[in-house]
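K.L.:
Pasting target14.pdb here (PDB, C-alpha atoms and all ligand atoms):
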```pdb
ATOM      1  CA  MET J   1       0.000   0.000   0.000
ATOM      2  CA  PRO J   2       1.602   3.256  -1.066
ATOM      3  CA  VAL J   3      -0.089   5.681   1.317
ATOM      4  CA  LYS J   4       2.088   7.173   4.040
ATOM      5  CA  ILE J   5       0.966   9.525   6.811
ATOM      6  CA  ALA J   6       3.609  11.889   8.162
ATOM      7  CA  PRO J   7       2.486  14.009  11.130
ATOM      8  CA  SER J   8       4.343  17.318  11.419
ATOM      9  CA  ILE J   9       5.731  18.101  14.859
ATOM     10  CA  LEU J  10       5.370  21.789  14.009
ATOM     11  CA  SER J  11       1.982  21.492  15.726
ATOM     12  CA  ALA J  12       3.289  19.420  18.659
ATOM     13  CA  ASP J  13       4.214  20.628  22.138
ATOM     14  CA  PHE J  14       7.904  21.544  21.722
ATOM     15  CA  MET J  15       8.428  21.325  25.480
ATOM     16  CA  ASN J  16       7.527  17.612  25.428
ATOM     17  CA  LEU J  17       8.866  16.317  22.126
ATOM     18  CA  GLU J  18       9.635  12.773  23.298
ATOM     19  CA  ARG J  19       6.065  12.311  24.503
ATOM     20  CA  GLU J  20       4.705  13.926  21.347
ATOM     21  CA  LEU J  21       6.748  11.520  19.193
ATOM     22  CA  ALA J  22       5.437   8.534  21.157
ATOM     23  CA  ARG J  23       1.870   9.672  20.401
ATOM     24  CA  ILE J  24       2.416   9.187  16.654
ATOM     25  CA  ALA J  25       3.994   5.723  16.802
ATOM     26  CA  THR J  26       1.363   4.401  14.369
ATOM     27  CA  ALA J  27       2.361   6.907  11.680
ATOM     28  CA  ASP J  28       4.663   6.022   8.792
ATOM     29  CA  LEU J  29       7.081   8.938   9.228
ATOM     30  CA  VAL J  30       7.510  11.983  11.430
ATOM     31  CA  HIS J  31       7.834  15.238   9.489
ATOM     32  CA  VAL J  32      10.249  17.759  11.000
ATOM     33  CA  ASP J  33      10.053  21.348   9.725
ATOM     34  CA  VAL J  34      13.376  23.179   9.938
ATOM     35  CA  MET J  35      13.002  26.948   9.390
ATOM     36  CA  ASP J  36      15.728  29.597   9.527
ATOM     37  CA  ASN J  37      13.756  32.897   9.544
ATOM     38  CA  HIS J  38      15.335  33.753   6.173
ATOM     39  CA  PHE J  39      13.871  31.348   3.638
ATOM     40  CA  VAL J  40      10.582  31.624   5.545
ATOM     41  CA  PRO J  41       9.506  34.167   8.185
ATOM     42  CA  ASN J  42       9.606  31.665  11.042
ATOM     43  CA  LEU J  43      12.237  29.941  13.153
ATOM     44  CA  THR J  44      11.879  26.435  14.522
ATOM     45  CA  LEU J  45      14.661  23.998  15.356
ATOM     46  CA  GLY J  46      18.008  22.852  14.046
ATOM     47  CA  LEU J  47      20.562  20.078  13.994
ATOM     48  CA  PRO J  48      21.022  19.426  17.735
ATOM     49  CA  VAL J  49      17.300  18.882  18.208
ATOM     50  CA  VAL J  50      17.004  16.788  15.039
ATOM     51  CA  ARG J  51      19.822  14.529  16.284
ATOM     52  CA  ARG J  52      17.861  13.829  19.475
ATOM     53  CA  ILE J  53      14.633  13.297  17.543
ATOM     54  CA  VAL J  54      16.385  10.625  15.467
ATOM     55  CA  GLU J  55      17.446   8.900  18.689
ATOM     56  CA  VAL J  56      14.000   8.779  20.287
ATOM     57  CA  SER J  57      11.537   8.696  17.386
ATOM     58  CA  PRO J  58       9.550   5.459  16.984
ATOM     59  CA  VAL J  59       9.214   6.113  13.237
ATOM     60  CA  PRO J  60      11.651   7.256  10.503
ATOM     61  CA  VAL J  61      12.403  10.974  10.439
ATOM     62  CA  ASP J  62      11.481  13.046   7.371
ATOM     63  CA  VAL J  63      13.167  16.466   7.467
ATOM     64  CA  HIS J  64      11.704  19.393   5.502
ATOM     65  CA  LEU J  65      14.341  22.104   5.216
ATOM     66  CA  MET J  66      12.938  25.603   4.806
ATOM     67  CA  ILE J  67      16.360  27.233   4.979
ATOM     68  CA  GLU J  68      18.650  29.179   2.699
ATOM     69  CA  ASP J  69      21.875  27.621   1.484
ATOM     70  CA  ALA J  70      20.556  24.067   1.383
ATOM     71  CA  ASP J  71      23.765  23.002  -0.387
ATOM     72  CA  ARG J  72      25.704  23.806   2.790
ATOM     73  CA  TRP J  73      23.293  22.427   5.395
ATOM     74  CA  ALA J  74      21.255  19.567   3.961
ATOM     75  CA  PRO J  75      24.111  17.014   4.089
ATOM     76  CA  GLU J  76      24.513  17.702   7.824
ATOM     77  CA  PHE J  77      20.948  16.505   8.365
ATOM     78  CA  ALA J  78      21.663  13.342   6.393
ATOM     79  CA  ARG J  79      24.701  12.772   8.631
ATOM     80  CA  ALA J  80      22.367  13.124  11.633
ATOM     81  CA  GLY J  81      20.750   9.866  10.499
ATOM     82  CA  VAL J  82      17.376  11.027   9.241
ATOM     83  CA  ALA J  83      15.540   8.838   6.724
ATOM     84  CA  SER J  84      14.880  11.621   4.236
ATOM     85  CA  VAL J  85      16.037  15.171   3.622
ATOM     86  CA  THR J  86      13.894  17.461   1.501
ATOM     87  CA  PHE J  87      15.418  20.759   0.388
ATOM     88  CA  HIS J  88      13.673  23.568  -1.470
ATOM     89  CA  ALA J  89      14.351  23.985  -5.182
ATOM     90  CA  GLU J  90      14.423  27.731  -4.558
ATOM     91  CA  ALA J  91      17.236  27.375  -2.002
ATOM     92  CA  THR J  92      19.811  25.323  -3.895
ATOM     93  CA  GLN J  93      22.262  26.110  -6.683
ATOM     94  CA  ALA J  94      22.720  22.479  -7.666
ATOM     95  CA  PRO J  95      19.780  20.185  -6.890
ATOM     96  CA  VAL J  96      21.185  17.098  -8.599
ATOM     97  CA  ARG J  97      24.582  17.398  -6.940
ATOM     98  CA  LEU J  98      22.865  17.862  -3.584
ATOM     99  CA  ALA J  99      20.476  14.937  -4.119
ATOM    100  CA  ARG J 100      23.403  12.685  -5.032
ATOM    101  CA  GLU J 101      25.284  13.770  -1.931
ATOM    102  CA  LEU J 102      22.276  13.045   0.296
ATOM    103  CA  ARG J 103      21.874   9.605  -1.224
ATOM    104  CA  SER J 104      25.570   8.868  -0.787
ATOM    105  CA  LEU J 105      25.114   9.686   2.913
ATOM    106  CA  GLY J 106      22.305   7.128   3.172
ATOM    107  CA  ALA J 107      19.287   9.445   3.153
ATOM    108  CA  ARG J 108      16.421   9.639   0.718
ATOM    109  CA  ALA J 109      16.646  12.860  -1.289
ATOM    110  CA  GLY J 110      13.622  15.096  -1.813
ATOM    111  CA  VAL J 111      13.019  18.382  -3.578
ATOM    112  CA  ALA J 112      10.280  20.762  -2.394
ATOM    113  CA  LEU J 113       8.452  23.416  -4.377
ATOM    114  CA  ARG J 114       6.623  26.496  -3.159
ATOM    115  CA  PRO J 115       3.067  26.756  -4.528
ATOM    116  CA  ALA J 116       4.137  29.166  -7.291
ATOM    117  CA  SER J 117       7.291  27.268  -8.326
ATOM    118  CA  PRO J 118       7.116  25.086 -11.432
ATOM    119  CA  VAL J 119       7.719  21.352 -11.091
ATOM    120  CA  GLU J 120       8.368  20.747 -14.787
ATOM    121  CA  PRO J 121      12.155  21.412 -14.623
ATOM    122  CA  PHE J 122      12.402  18.326 -12.392
ATOM    123  CA  PHE J 123      10.549  15.887 -14.635
ATOM    124  CA  ASP J 124      13.676  14.796 -16.493
ATOM    125  CA  LEU J 125      15.528  14.545 -13.178
ATOM    126  CA  LEU J 126      13.131  12.165 -11.397
ATOM    127  CA  PRO J 127      15.628   9.250 -11.431
ATOM    128  CA  GLU J 128      17.833  11.438  -9.192
ATOM    129  CA  LEU J 129      15.047  12.035  -6.652
ATOM    130  CA  ASP J 130      13.404   9.842  -4.012
ATOM    131  CA  MET J 131      10.654  12.342  -3.312
ATOM    132  CA  VAL J 132       9.000  15.459  -4.714
ATOM    133  CA  LEU J 133       7.210  17.666  -2.170
ATOM    134  CA  VAL J 134       4.492  19.855  -3.626
ATOM    135  CA  MET J 135       3.721  22.526  -1.030
ATOM    136  CA  THR J 136      -0.015  23.075  -0.755
ATOM    137  CA  VAL J 137       0.368  26.174   1.441
ATOM    138  CA  GLU J 138       3.047  28.862   1.451
ATOM    139  CA  PRO J 139       5.790  27.398   3.643
ATOM    140  CA  GLY J 140       6.389  28.903   7.059
ATOM    141  CA  PHE J 141       3.469  28.093   9.311
ATOM    142  CA  GLY J 142       1.143  25.275  10.289
ATOM    143  CA  GLY J 143      -2.609  25.611  10.363
ATOM    144  CA  GLN J 144      -3.053  27.402   7.029
ATOM    145  CA  SER J 145      -5.835  26.560   4.624
ATOM    146  CA  PHE J 146      -5.155  24.295   1.668
ATOM    147  CA  ILE J 147      -4.508  26.024  -1.692
ATOM    148  CA  GLU J 148      -6.816  24.270  -4.185
ATOM    149  CA  GLY J 149      -4.840  25.670  -7.123
ATOM    150  CA  THR J 150      -1.895  23.393  -6.295
ATOM    151  CA  LEU J 151      -3.821  20.216  -7.171
ATOM    152  CA  PRO J 152      -3.106  20.323 -10.935
ATOM    153  CA  LYS J 153       0.599  20.414 -10.102
ATOM    154  CA  VAL J 154       0.191  17.308  -7.950
ATOM    155  CA  ARG J 155      -1.533  15.557 -10.872
ATOM    156  CA  ARG J 156       1.136  16.602 -13.395
ATOM    157  CA  THR J 157       3.827  15.367 -11.035
ATOM    158  CA  ARG J 158       2.126  11.993 -10.585
ATOM    159  CA  ASP J 159       1.784  11.629 -14.345
ATOM    160  CA  ALA J 160       5.477  12.436 -14.803
ATOM    161  CA  ILE J 161       6.499   9.884 -12.142
ATOM    162  CA  THR J 162       4.339   7.251 -13.814
ATOM    163  CA  ALA J 163       5.851   8.070 -17.208
ATOM    164  CA  ALA J 164       9.384   7.966 -15.806
ATOM    165  CA  GLY J 165       8.727   4.652 -14.066
ATOM    166  CA  THR J 166      10.657   5.749 -10.981
ATOM    167  CA  ASP J 167       9.924   4.933  -7.334
ATOM    168  CA  THR J 168       9.710   8.638  -6.470
ATOM    169  CA  TRP J 169       7.319   9.439  -3.614
ATOM    170  CA  LEU J 170       4.963  12.383  -4.079
ATOM    171  CA  GLN J 171       4.482  14.284  -0.840
ATOM    172  CA  VAL J 172       2.010  17.067  -0.100
ATOM    173  CA  ASP J 173       2.366  19.423   2.836
ATOM    174  CA  GLY J 174      -0.031  22.063   4.075
ATOM    175  CA  GLY J 175      -3.725  22.003   4.901
ATOM    176  CA  VAL J 176      -4.042  18.217   4.736
ATOM    177  CA  SER J 177      -7.127  17.161   6.723
ATOM    178  CA  ARG J 178     -10.104  14.791   6.668
ATOM    179  CA  GLU J 179     -11.777  17.300   4.347
ATOM    180  CA  THR J 180      -8.958  17.606   1.799
ATOM    181  CA  ILE J 181      -7.037  14.321   1.846
ATOM    182  CA  ALA J 182      -9.223  12.336  -0.563
ATOM    183  CA  ARG J 183      -8.986  15.043  -3.235
ATOM    184  CA  ILE J 184      -5.230  15.212  -2.800
ATOM    185  CA  ALA J 185      -4.900  11.428  -3.062
ATOM    186  CA  GLN J 186      -7.090  11.549  -6.158
ATOM    187  CA  ALA J 187      -4.578  13.947  -7.689
ATOM    188  CA  GLY J 188      -1.836  11.374  -7.113
ATOM    189  CA  ALA J 189      -0.077  12.138  -3.825
ATOM    190  CA  ASP J 190       1.091   9.183  -1.740
ATOM    191  CA  VAL J 191       2.805  10.829   1.261
ATOM    192  CA  PHE J 192       0.639  13.156   3.351
ATOM    193  CA  VAL J 193       2.031  15.598   5.885
ATOM    194  CA  ALA J 194      -0.496  16.675   8.501
ATOM    195  CA  GLY J 195       0.364  18.899  11.434
ATOM    196  CA  SER J 196      -2.637  20.637  12.915
ATOM    197  CA  ALA J 197      -5.045  17.897  11.792
ATOM    198  CA  VAL J 198      -3.138  15.227  13.730
ATOM    199  CA  TYR J 199      -1.871  17.088  16.777
ATOM    200  CA  GLY J 200      -5.080  19.089  17.070
ATOM    201  CA  ALA J 201      -7.144  15.901  17.361
ATOM    202  CA  ASP J 202      -8.301  14.536  20.709
ATOM    203  CA  ASP J 203      -7.298  11.021  19.650
ATOM    204  CA  VAL J 204      -4.106  11.303  17.624
ATOM    205  CA  ALA J 205      -3.896   7.606  16.689
ATOM    206  CA  ALA J 206      -7.512   7.600  15.506
ATOM    207  CA  GLU J 207      -6.868  10.680  13.370
ATOM    208  CA  ILE J 208      -3.838   9.043  11.734
ATOM    209  CA  ALA J 209      -5.942   5.951  11.014
ATOM    210  CA  GLU J 210      -8.775   8.041   9.598
ATOM    211  CA  LEU J 211      -6.482  10.030   7.299
ATOM    212  CA  ARG J 212      -4.798   6.828   6.112
ATOM    213  CA  SER J 213      -8.151   5.205   5.458
ATOM    214  CA  ARG J 214      -9.496   8.154   3.450
ATOM    215  CA  ALA J 215      -6.369   8.319   1.298
ATOM    216  CA  SER J 216      -6.123   4.536   0.901
ATOM    217  CA  THR J 217      -9.665   4.289  -0.460
ATOM    218  CA  ILE J 218      -8.520   6.295  -3.439
ATOM    219  CA  TRP J 219      -5.346   4.265  -3.971
ATOM    220  CA  ALA J 220      -7.033   0.864  -3.493
TER
HETATM  221  O1  LIG C   1       6.002  22.776   6.180
HETATM  222  C1  LIG C   1       5.092  23.150   6.863
HETATM  223  C2  LIG C   1       4.766  24.617   6.940
HETATM  224  O2  LIG C   1       5.641  25.305   6.160
HETATM  225  C3  LIG C   1       4.296  22.165   7.698
HETATM  226  O3  LIG C   1       4.810  20.874   7.480
HETATM  227  C4  LIG C   1       2.805  22.196   7.371
HETATM  228  O4  LIG C   1       2.288  23.478   7.342
HETATM  229  C5  LIG C   1       2.017  21.310   8.304
HETATM  230  O5  LIG C   1       1.015  22.000   8.957
HETATM  231  P1  LIG C   1      -0.558  21.833   8.668
HETATM  232  O6  LIG C   1      -0.816  20.380   8.403
HETATM  233  O7  LIG C   1      -1.169  22.332   9.934
HETATM  234  O8  LIG C   1      -0.886  22.679   7.469
HETATM  235 FE    FE C   2       6.694  20.756   6.185
END
```
Rewrite the structure of this file - the entire thing - as structure tokens.

P.N.:
Amino acid sequence: MPVKIAPSILSADFMNLERELARIATADLVHVDVMDNHFVPNLTLGLPVVRRIVEVSPVPVDVHLMIEDADRWAPEFARAGVASVTFHAEATQAPVRLARELRSLGARAGVALRPASPVEPFFDLLPELDMVLVMTVEPGFGGQSFIEGTLPKVRRTRDAITAAGTDTWLQVDGGVSRETIARIAQAGADVFVAGSAVYGADDVAAEIAELRSRASTIWA
């Protein structure tokens, strides 16, 4: 089954991260948003915290870098032992060189695109990528509403992955909820980041199961 649910700890209680990670043990990945207050107008956490998250997380760690100079910093996150490192296309000079470096360090390599950034330049490069992240809100904050106009880009990306025949995951991030997830799965996404929907729920495990079920119905 291709569907993966990746709760974002951006909406977790940062004072109790170990407990918050334990609450999402039934998820497929934990999504960690790294922001530098330059690439986006928000500041979250960095390498020392990510290293500890890798040590205590019950599920593989999926890092989403919203930082400038990804070429300098992304490999450090791979060295920290995360499962995947996703850098923004807008923040790298050399996406293929960076993706190859991340893979050589044992991480999956992902490229992320702001809502207004075109995905087409990456279609011929899919064999170099383990994941494409189509942002469905402007990066920087959790709890924003889903941008419907990003769905055609998700569909075009799925079609390109199918045509290329690669095992590239297609992640969406921003405004994923019970209300939106089926439409997003219909457009071809297979990895779903959800921050406020998961951590804002009374029963976190039930919410993860519900999101997975709604997306899986489409993929079945
Ligand atoms: O990268 C992000 C914001 O830039 C977060 O991963 C994303 O916003 C998750 O939050 P929510 O599910 O509440 O929209
Ligand atoms: Fe994210």

K.L.:
Would you write out, as an NGL selection string, every residue that the PyMOL selection byres (((chain J and resi 6-11) around 9) and not hetatm) captures in this file?

P.N.:
:J and (4-5 or 12-14 or 17 or 20-21 or 24 or 27-33 or 44 or 62 or 141-143 or 191-200 or 208)

K.L.:
Residue by residue, what does the PyMOL selection byres (((chain J and resi 41) around 12) and not hetatm) grab here? Present the result as an MDAnalysis selection string.

P.N.:
chainID J and resid 34:40 42:44 66:68 138:141

K.L.:
As an exercise, work out the distance from atom C4 of ligand LIG 1 (chain C) to atom CA of Leu45 of chain J in Å and give it to one decimal place.

P.N.:
14.4 Å

K.L.:
Would you please work out which residue, of J:Lys153, J:Arg212, J:Arg97, J:Arg52, is nearest to Ile181 of chain J when using all atoms listed in the file?

P.N.:
J:Arg212

K.L.:
Which residues match the PyMOL selection byres (((chain J and resi 71) around 10) and not hetatm) in the file above, as JSON, numbers by chain?

P.N.:
{"J": [68, 69, 70, 72, 73, 74, 75, 76, 87, 91, 92, 93, 94, 95, 97, 98, 99, 101]}

K.L.:
Pick out the closest residue to ligand FE 2 (chain C) from this set: J:Thr157, J:Thr136, J:Gln186, J:Ser216. Count only C-alpha atoms and all ligand atoms.

P.N.:
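When distances to ligand FE 2 (chain C) are compared using only C-alpha atoms and all ligand atoms, the smallest one comes from J:Thr136.
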
K.L.:
Leaving out Leu211 of chain J and any residue of its chain fewer than 4 positions from it, which residues lie within 7 Å of it when counting all atoms listed in the file, given as a PyMOL selection string?

P.N.:
chain J and resi 178+181+207+215

K.L.:
So how many Å separate atom CA of Ala187 of chain J and atom CA of Val96 of chain J, to one decimal?

P.N.:
26.0 Å

K.L.:
Please report the interatomic distance between atom CA of Leu102 of chain J and atom CA of Val50 of chain J in Å with one decimal.

P.N.:
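Spanning atom CA of Leu102 of chain J to atom CA of Val50 of chain J is a straight-line distance of 16.1 Å.
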
K.L.:
What would segment 63-78 of chain J look like with N, CA and C atoms restored, written as a PDB file, in the frame of the given file?

P.N.:
```pdb
ATOM      1  N   VAL J  63      12.851  15.059   7.210  1.00  0.00           N
ATOM      2  CA  VAL J  63      13.167  16.466   7.467  1.00  0.00           C
ATOM      3  C   VAL J  63      12.803  17.331   6.261  1.00  0.00           C
ATOM      4  N   HIS J  64      12.091  18.415   6.530  1.00  0.00           N
ATOM      5  CA  HIS J  64      11.704  19.393   5.502  1.00  0.00           C
ATOM      6  C   HIS J  64      12.473  20.669   5.802  1.00  0.00           C
ATOM      7  N   LEU J  65      13.477  20.947   4.983  1.00  0.00           N
ATOM      8  CA  LEU J  65      14.341  22.104   5.216  1.00  0.00           C
ATOM      9  C   LEU J  65      13.771  23.346   4.546  1.00  0.00           C
ATOM     10  N   MET J  66      13.348  24.309   5.347  1.00  0.00           N
ATOM     11  CA  MET J  66      12.938  25.603   4.806  1.00  0.00           C
ATOM     12  C   MET J  66      14.007  26.606   5.232  1.00  0.00           C
ATOM     13  N   ILE J  67      15.179  26.437   4.623  1.00  0.00           N
ATOM     14  CA  ILE J  67      16.360  27.233   4.979  1.00  0.00           C
ATOM     15  C   ILE J  67      17.075  27.657   3.706  1.00  0.00           C
ATOM     16  N   GLU J  68      17.774  28.776   3.797  1.00  0.00           N
ATOM     17  CA  GLU J  68      18.650  29.179   2.699  1.00  0.00           C
ATOM     18  C   GLU J  68      19.898  28.307   2.710  1.00  0.00           C
ATOM     19  N   ASP J  69      20.614  28.348   1.609  1.00  0.00           N
ATOM     20  CA  ASP J  69      21.875  27.621   1.484  1.00  0.00           C
ATOM     21  C   ASP J  69      21.731  26.138   1.817  1.00  0.00           C
ATOM     22  N   ALA J  70      20.765  25.502   1.166  1.00  0.00           N
ATOM     23  CA  ALA J  70      20.556  24.067   1.383  1.00  0.00           C
ATOM     24  C   ALA J  70      21.805  23.268   1.012  1.00  0.00           C
ATOM     25  N   ASP J  71      22.564  23.757   0.031  1.00  0.00           N
ATOM     26  CA  ASP J  71      23.765  23.002  -0.387  1.00  0.00           C
ATOM     27  C   ASP J  71      24.744  22.845   0.782  1.00  0.00           C
ATOM     28  N   ARG J  72      24.794  23.848   1.638  1.00  0.00           N
ATOM     29  CA  ARG J  72      25.704  23.806   2.790  1.00  0.00           C
ATOM     30  C   ARG J  72      25.150  22.923   3.905  1.00  0.00           C
ATOM     31  N   TRP J  73      23.838  23.020   4.172  1.00  0.00           N
ATOM     32  CA  TRP J  73      23.293  22.427   5.395  1.00  0.00           C
ATOM     33  C   TRP J  73      22.625  21.073   5.240  1.00  0.00           C
ATOM     34  N   ALA J  74      22.026  20.814   4.089  1.00  0.00           N
ATOM     35  CA  ALA J  74      21.255  19.567   3.961  1.00  0.00           C
ATOM     36  C   ALA J  74      22.089  18.310   4.266  1.00  0.00           C
ATOM     37  N   PRO J  75      23.333  18.228   3.786  1.00  0.00           N
ATOM     38  CA  PRO J  75      24.111  17.014   4.089  1.00  0.00           C
ATOM     39  C   PRO J  75      24.304  16.787   5.589  1.00  0.00           C
ATOM     40  N   GLU J  76      24.343  17.870   6.372  1.00  0.00           N
ATOM     41  CA  GLU J  76      24.513  17.702   7.824  1.00  0.00           C
ATOM     42  C   GLU J  76      23.310  16.962   8.424  1.00  0.00           C
ATOM     43  N   PHE J  77      22.134  17.206   7.865  1.00  0.00           N
ATOM     44  CA  PHE J  77      20.948  16.505   8.365  1.00  0.00           C
ATOM     45  C   PHE J  77      20.979  15.031   7.958  1.00  0.00           C
ATOM     46  N   ALA J  78      21.495  14.751   6.785  1.00  0.00           N
ATOM     47  CA  ALA J  78      21.663  13.342   6.393  1.00  0.00           C
ATOM     48  C   ALA J  78      22.638  12.658   7.352  1.00  0.00           C
TER      49      ALA J  78
END
```
